[in-house]
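Structure data (mmCIF, C-alpha atoms) from coords.cif:
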```
data_query
loop_
_atom_site.label_atom_id
_atom_site.label_comp_id
_atom_site.auth_asym_id
_atom_site.auth_seq_id
_atom_site.Cartn_x
_atom_site.Cartn_y
_atom_site.Cartn_z
CA MET L 290 95.46 78.80 -62.65
CA ILE L 291 94.12 80.69 -65.66
CA SER L 292 95.15 77.87 -67.97
CA GLN L 293 93.39 75.32 -65.75
CA LEU L 294 90.23 77.46 -65.73
CA LYS L 295 90.39 77.70 -69.52
CA VAL L 296 90.71 73.93 -69.84
CA PHE L 297 87.74 73.45 -67.48
CA LEU L 298 85.55 75.87 -69.43
CA ASP L 299 86.52 74.27 -72.74
CA THR L 300 85.63 70.84 -71.34
CA GLN L 301 82.26 72.10 -70.09
CA SER L 302 81.46 73.72 -73.43
CA LEU L 303 82.03 70.38 -75.12
CA ARG L 304 80.13 68.42 -72.52
CA ASN L 305 77.01 70.63 -72.28
CA PRO L 306 75.97 70.26 -75.93
CA LEU L 307 76.39 66.51 -75.57
CA GLN L 308 74.29 66.53 -72.40
CA LEU L 309 71.60 68.63 -74.05
CA GLY L 310 71.65 66.35 -77.07
CA ASP L 311 71.33 63.26 -74.90
CA MET L 312 68.49 64.89 -72.96
CA LYS L 313 66.65 65.73 -76.19
CA VAL L 314 67.04 62.16 -77.47
CA SER L 315 65.85 60.81 -74.12
CA LEU L 316 62.76 63.04 -74.10
CA GLU L 317 61.92 62.09 -77.68
CA GLU L 318 62.25 58.41 -76.85
CA LYS L 319 60.07 58.76 -73.75
CA SER L 320 57.47 60.68 -75.76
CA ARG L 321 57.46 57.95 -78.41
CA ILE L 322 56.97 55.24 -75.77
CA LEU L 323 54.20 57.23 -74.06
CA LEU L 324 52.27 57.85 -77.28
CA ASN L 325 52.65 54.30 -78.59
CA THR L 326 51.99 52.19 -75.48
CA PRO L 327 48.22 51.74 -74.95
CA HIS L 328 48.11 51.53 -71.15
CA TYR L 329 50.62 54.36 -70.61
CA PHE L 330 48.81 56.60 -73.07
CA PHE L 331 45.38 55.78 -71.63
CA ILE L 332 46.44 56.61 -68.06
CA PHE L 333 48.25 59.75 -69.20
CA MET L 334 45.30 61.14 -71.16
CA LEU L 335 42.76 60.11 -68.51
CA SER L 336 44.76 61.99 -65.86
CA THR L 337 45.19 65.01 -68.11
CA ILE L 338 41.53 65.26 -69.09
CA PHE L 339 40.27 64.81 -65.54
CA GLY L 340 42.85 67.29 -64.28
CA VAL L 341 41.88 69.97 -66.81
CA LEU L 342 38.13 69.53 -66.27
CA ILE L 343 38.35 69.56 -62.47
CA TYR L 344 40.76 72.52 -62.47
CA TYR L 345 38.51 74.54 -64.78
CA ARG L 346 35.39 73.56 -62.80
CA THR L 347 37.06 74.76 -59.59
CA THR L 348 38.80 77.93 -60.79
CA VAL L 349 37.12 78.90 -64.12
CA ASP L 350 40.65 79.79 -65.25
CA GLU L 351 41.04 79.28 -68.99
CA PHE L 352 44.72 80.07 -69.43
CA LEU L 353 46.52 77.27 -67.58
CA PRO L 354 44.40 74.57 -69.30
CA MET L 355 45.06 76.40 -72.58
CA ALA L 356 48.82 76.21 -71.96
CA VAL L 357 48.75 72.53 -70.96
CA LEU L 358 46.58 71.42 -73.88
CA SER L 359 48.58 73.55 -76.34
CA LEU L 360 51.78 71.78 -75.26
CA LEU L 361 50.07 68.44 -75.75
CA TRP L 362 48.77 69.54 -79.15
CA ILE L 363 52.32 70.42 -80.22
CA LEU L 364 53.65 67.13 -78.82
CA PHE L 365 51.06 65.16 -80.79
CA TRP L 366 51.79 67.21 -83.93
CA LYS L 367 55.48 66.35 -83.74
CA ASN L 368 54.81 62.67 -83.20
CA THR L 369 52.15 61.92 -85.80
CA ASP L 370 51.81 61.59 -89.56
CA GLN L 371 49.86 63.68 -92.06
CA LYS L 372 46.58 61.98 -91.18
CA GLY L 373 47.08 62.69 -87.49
CA ARG L 374 47.88 66.35 -88.22
CA ILE L 375 44.67 66.65 -90.22
CA PHE L 376 42.82 65.28 -87.18
CA LEU L 377 44.45 67.86 -84.92
CA VAL L 378 43.72 70.84 -87.17
CA ILE L 379 40.22 69.94 -88.38
CA ALA L 380 38.99 68.88 -84.93
CA SER L 381 40.38 72.04 -83.31
CA VAL L 382 38.94 74.41 -85.92
CA PHE L 383 35.61 72.67 -86.50
CA GLY L 384 35.24 71.92 -82.79
CA TYR L 385 35.74 75.48 -81.59
CA VAL L 386 33.48 76.96 -84.28
CA HIS L 387 30.85 74.41 -83.26
CA GLU L 388 31.22 75.39 -79.60
CA LEU L 389 30.98 79.12 -80.32
CA LEU L 390 27.84 78.68 -82.39
CA GLY L 391 26.42 76.12 -79.97
CA VAL L 392 26.70 78.56 -77.07
CA ARG L 393 25.17 81.30 -79.21
CA TYR L 394 22.16 79.17 -80.15
CA GLY L 395 21.76 77.69 -76.67
CA TYR L 396 22.73 74.10 -77.50
CA PHE L 397 24.99 74.12 -74.42
CA THR L 398 26.63 76.47 -71.93
CA TYR L 399 30.02 76.73 -70.18
CA LEU L 400 30.96 78.23 -66.85
CA GLY L 401 32.49 81.11 -68.78
CA GLY L 402 34.41 81.88 -71.91
CA PHE L 403 36.96 84.48 -72.98
CA ILE L 404 35.60 84.39 -76.54
CA GLY L 405 31.87 84.15 -77.16
CA GLY L 406 31.16 82.23 -73.97
CA SER L 407 33.44 79.31 -74.93
CA PRO L 408 36.72 78.80 -73.02
CA ILE L 409 39.80 79.21 -75.20
CA TRP L 410 41.32 75.93 -74.01
CA LEU L 411 38.77 74.22 -76.27
CA ILE L 412 40.83 75.29 -79.30
CA PRO L 413 43.74 72.91 -78.61
CA GLY L 414 41.53 70.74 -76.41
CA TYR L 415 39.17 69.59 -79.13
CA GLY L 416 42.00 68.48 -81.42
CA THR L 417 43.97 66.95 -78.56
CA ILE L 418 41.10 64.86 -77.22
CA PHE L 419 39.88 63.74 -80.65
CA TRP L 420 43.38 62.77 -81.78
CA SER L 421 43.90 60.95 -78.47
CA SER L 422 40.79 58.84 -79.02
CA TYR L 423 41.95 57.99 -82.54
CA ASN L 424 45.51 57.23 -81.43
CA LEU L 425 44.39 55.11 -78.48
CA TRP L 426 42.41 52.76 -80.70
CA GLU L 427 45.11 52.69 -83.40
CA ILE L 428 47.89 51.65 -81.01
CA PHE L 429 45.59 49.24 -79.17
CA GLU L 430 44.65 47.52 -82.43
CA LYS L 431 48.27 47.49 -83.60
CA ASP L 432 49.54 45.89 -80.39
CA TYR L 433 46.76 43.39 -79.73
CA SER L 434 45.00 42.57 -83.02
CA GLU L 435 46.91 39.27 -83.26
CA LYS L 436 45.80 38.15 -79.81
CA LYS L 437 43.08 35.50 -79.63
CA TRP L 438 40.92 37.63 -77.35
CA PHE L 439 40.91 40.63 -79.70
CA SER L 440 37.86 39.29 -81.55
CA LEU L 441 35.90 39.92 -78.35
CA THR L 442 35.93 43.62 -79.29
CA ASN L 443 33.48 42.71 -82.05
CA ILE L 444 31.09 41.47 -79.37
CA LEU L 445 31.79 44.48 -77.18
CA ILE L 446 30.42 46.87 -79.79
CA PRO L 447 26.77 45.65 -79.85
CA VAL L 448 26.76 44.95 -76.10
CA SER L 449 28.14 48.36 -75.12
CA LEU L 450 25.90 50.07 -77.69
CA ALA L 451 22.83 48.44 -76.17
CA VAL L 452 23.93 49.63 -72.72
CA LEU L 453 24.55 53.16 -74.02
CA ILE L 454 21.15 53.33 -75.70
CA ALA L 455 19.44 52.12 -72.51
CA ILE L 456 21.31 54.66 -70.35
CA ASP L 457 20.72 57.43 -72.86
CA HIS L 458 17.01 56.64 -72.97
CA MET L 459 16.48 56.27 -69.21
CA VAL L 460 18.94 58.82 -67.79
CA PHE L 461 19.61 61.32 -70.58
CA ASP L 462 17.57 62.69 -73.48
CA LEU L 463 17.41 60.06 -76.22
CA SER L 464 13.73 59.62 -75.36
CA LEU L 465 12.99 63.21 -76.49
CA LYS L 466 13.86 62.60 -80.16
CA PRO L 467 14.59 58.88 -80.49
CA ILE L 468 13.77 58.46 -84.19
CA SER L 469 15.77 61.43 -85.48
CA ILE L 470 18.76 60.68 -83.24
CA LEU L 471 18.88 57.00 -84.19
CA MET L 472 18.53 57.90 -87.88
CA LYS L 473 21.49 60.28 -87.55
CA PHE L 474 23.48 57.60 -85.74
CA THR L 475 22.70 55.02 -88.46
CA LEU L 476 23.64 57.42 -91.25
CA ALA L 477 26.93 58.19 -89.52
CA PHE L 478 28.00 54.54 -89.56
CA MET L 479 26.87 54.16 -93.17
CA LEU L 480 29.87 56.38 -93.97
CA PHE L 481 32.14 53.37 -93.40
CA ARG L 482 32.10 50.48 -95.84
CA ASN L 483 33.77 47.68 -93.84
CA PHE L 484 33.71 46.42 -90.28
CA GLN L 485 37.24 47.61 -89.53
CA GLY L 486 36.19 51.17 -90.35
CA ILE L 487 32.99 50.83 -88.32
CA ARG L 488 35.00 49.51 -85.36
CA LEU L 489 37.44 52.42 -85.59
CA ALA L 490 34.57 54.92 -85.78
CA TYR L 491 32.73 53.35 -82.86
CA PHE L 492 35.66 53.35 -80.45
CA VAL L 493 36.88 56.83 -81.44
CA ALA L 494 33.38 58.19 -80.84
CA PHE L 495 32.98 56.14 -77.65
CA PHE L 496 36.22 57.39 -76.08
CA THR L 497 35.51 60.99 -77.07
CA VAL L 498 31.96 60.92 -75.71
CA LEU L 499 33.31 59.72 -72.36
CA THR L 500 34.99 63.13 -72.10
CA GLU L 501 31.68 64.84 -72.91
CA LEU L 502 29.95 62.75 -70.25
CA THR L 503 32.64 63.53 -67.67
CA GLY L 504 32.36 67.26 -68.31
CA GLU L 505 28.57 67.09 -68.05
CA ILE L 506 28.70 65.19 -64.75
CA LEU L 507 31.32 67.54 -63.26
CA GLY L 508 29.37 70.59 -64.36
CA THR L 509 32.15 71.92 -66.59
CA TRP L 510 29.48 72.41 -69.27
CA SER L 511 25.79 71.61 -69.59
CA HIS L 512 23.38 70.70 -72.40
CA PRO L 513 19.64 71.39 -72.19
CA GLU L 514 19.32 68.19 -74.23
CA PHE L 515 22.14 65.70 -73.67
CA SER L 516 22.24 62.49 -75.73
CA LEU L 517 25.19 60.11 -75.82
CA ILE L 518 24.06 58.56 -79.10
CA SER L 519 23.61 61.94 -80.78
CA LEU L 520 27.09 63.05 -79.67
CA MET L 521 28.62 59.80 -80.90
CA ALA L 522 27.05 60.32 -84.32
CA GLY L 523 28.65 63.75 -84.49
CA TYR L 524 32.11 62.41 -83.69
CA VAL L 525 31.73 59.59 -86.22
CA PHE L 526 30.91 62.23 -88.85
CA LEU L 527 33.93 64.31 -87.79
CA LEU L 528 36.16 61.24 -88.13
CA TRP L 529 34.81 60.65 -91.64
CA VAL L 530 35.49 64.30 -92.59
CA CYS L 531 39.11 63.99 -91.41
CA LEU L 532 39.64 60.69 -93.24
CA THR L 533 38.04 62.13 -96.39
CA ILE L 534 40.33 65.17 -96.37
CA ASP L 535 43.32 62.88 -95.86
CA GLY L 536 42.16 60.73 -98.77
CA PHE L 537 41.74 63.74 -101.05
CA SER L 538 45.20 65.03 -100.14
CA LYS L 539 46.71 61.67 -101.14
CA GLY L 540 44.54 61.19 -104.22
CA THR L 541 43.20 57.89 -102.89
CA ILE L 542 39.59 58.84 -102.32
CA SER L 543 36.80 56.57 -103.56
CA ARG L 544 33.14 56.53 -102.63
CA ASN L 545 30.19 54.15 -103.01
CA THR L 546 26.55 55.17 -103.33
CA LYS L 547 25.69 54.43 -99.69
CA GLU L 548 28.54 56.59 -98.41
CA VAL L 549 27.77 59.46 -100.82
CA VAL L 550 24.11 59.55 -99.77
CA ALA L 551 24.90 59.36 -96.04
CA GLY L 552 27.67 61.95 -96.36
CA SER L 553 25.43 64.37 -98.30
CA VAL L 554 22.56 64.07 -95.83
CA LEU L 555 24.77 64.51 -92.76
CA THR L 556 26.76 67.37 -94.28
CA THR L 557 23.52 69.20 -95.02
CA PHE L 558 22.24 68.43 -91.54
CA TYR L 559 25.35 69.78 -89.78
CA ILE L 560 25.40 72.93 -91.94
CA PHE L 561 21.82 73.67 -90.84
CA LEU L 562 22.79 72.79 -87.27
CA LEU L 563 25.68 75.28 -87.30
CA LEU L 564 23.34 77.91 -88.76
CA GLY L 565 20.96 77.37 -85.85
CA PHE L 566 18.02 76.11 -87.90
CA ILE L 567 17.76 72.65 -86.31
CA SER L 568 18.91 70.87 -83.15
CA VAL L 569 19.04 67.08 -82.89
#
```

Spit out the file's structure as structure tokens when you get a sec.
Amino acid sequence: MISQLKVFLDTQSLRNPLQLGDMKVSLEEKSRILLNTPHYFFIFMLSTIFGVLIYYRTTVDEFLPMAVLSLLWILFWKNTDQKGRIFLVIASVFGYVHELLGVRYGYFTYLGGFIGGSPIWLIPGYGTIFWSSYNLWEIFEKDYSEKKWFSLTNILIPVSLAVLIAIDHMVFDLSLKPISILMKFTLAFMLFRNFQGIRLAYFVAFFTVLTELTGEILGTWSHPEFSLISLMAGYVFLLWVCLTIDGFSKGTISRNTKEVVAGSVLTTFYIFLLLGFISV
């Protein structure tokens, strides 16, 4: 009896590590498929973002969203390259500092916030959402760029931009400062020297601003002055900052006059914005 029990335990000790190993491989494979399949990833992130925003709007609890978004942040970190990790870190740090200062200067308000009026789930949330927007376009372009219909995305940009400008002007606050906002938007896209870069910047900003719009509609946060075009310009600039840091780290950075001028003007603008001197 004892010998049979010993044999059973020995067998289980050999089997369990194998089972755990298989489970780990299976989870890694499922994560890879999720993060690299456009429609799966889109549905997953859409559900997550809506879930977090609605939960926070209903409960004002910061800690469960913080836990969920932190797990996602770690998952993305493990499944991305150096560039993606720069996106996660820079967006999280810059984003939360921006939110803290924005609440302080009255640019926007939240339902509550454990630190300085800004909920702590924004720390992983900013990086998670920004990386998601970047990843969604990257995998979409990778999977479908050879399709005949992909060129229609080039038409979608001016059409959707015209619709956004019209909505922003009629429904939101573009009409309050149209010249300064459109100048900022133009300068932001001058940071990219070819159409592929402009297309990347546009869709990353577009997807990210949809989250801003959703939160505004749900009442998760509110802006005294809310402009879709102004927000998009900010996210385009953030994308350029991340790409620039990645370029410097690899020693592959190169700049033309147009990009240097636009980058200098916008960097100065956002420094003054963070200091509370201007608001556009």

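Of the residues under consideration (L:Trp510, L:Tyr345, L:Phe566, L:Leu532), L:Trp510 shows the shortest atom-to-atom contact distance to Val392 of chain L when counting only C-alpha atoms.
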
Report the residues retrieved by the PyMOL selection byres ((chain L and resi 375) around 10) from the displayed file, expressed as a ChimeraX atom specification. /L:366,369-374,376-381,416,420,530-532,534-535

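Across L:Phe419, L:Phe474, L:Trp438, L:Phe461, the tightest approach to Ile338 of chain L is made by L:Phe419 when counting only C-alpha atoms.
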
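Within the file as shown, the PyMOL selection byres ((chain L and resi 567) around 12) identifies Gly391, Tyr394, Gly395, Tyr396, Ser469, Thr557, Phe558, Tyr559, Ile560, Phe561, Leu562, Leu563, Leu564, Gly565, Phe566, Ser568 and Val569 of chain L.
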
Pairwise distance, atom CA of Asp350 of chain L with atom CA of Glu501 of chain L, equals 19.0 Å

Ile518 of chain L surroundings by all atoms listed in the file, 12 Å radius, close-in-sequence under 3 positions cut, as number ranges by chain: L: 449-458, 461-464, 466-475, 477-478, 491, 494-495, 497-499, 501-502, 514-515, 521-525, 569

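From atom CA of Leu465 of chain L back to atom CA of Ser519 of chain L, the distance works out to 11.5 Å.
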
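The spacing separating atom CA of Ile487 of chain L from atom CA of Thr442 of chain L amounts to 11.9 Å.
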
Residues returned when the PyMOL selection byres ((chain L and resi 324) around 12) runs on this file, as a ChimeraX atom specification: /L:317-323,325-334,361,364-369,420-429

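The nearest approach to Leu411 of chain L among the residues L:Val460, L:Leu360, L:Met355, L:Val341, with only C-alpha atoms taken into account, belongs to L:Met355.
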
Exercise on segment 423-426 of chain L, axis-aligned box with 3 Å per side, report centre and edge lengths in Å to one decimal, as lines of an AutoDock Vina configuration file:
```
center_x = 43.7
center_y = 55.4
center_z = -80.5
size_x = 9.6
size_y = 11.2
size_z = 10.1
```

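Compared by their closest atoms to Ala490 of chain L, and using all atoms listed in the file, the residues L:Val382, L:Leu528, L:Ile412, L:Ala356 rank with L:Leu528 nearest.
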
Quick one: residues within 9 Å of Phe352 of chain L, all atoms listed in the file counted, chain neighbours fewer than 4 positions away excluded, as a ChimeraX atom specification? /L:356-357,408-410

Of the listed residues L:Ser336, L:Thr509, L:Ser553, L:Ser359, that which approaches Gly402 of chain L most closely, counting only C-alpha atoms: L:Thr509

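In terms of minimum interatomic distance to Ile404 of chain L, L:Leu389 ranks closest within L:Val493, L:Gly552, L:Leu389, L:Val448, counting only C-alpha atoms.
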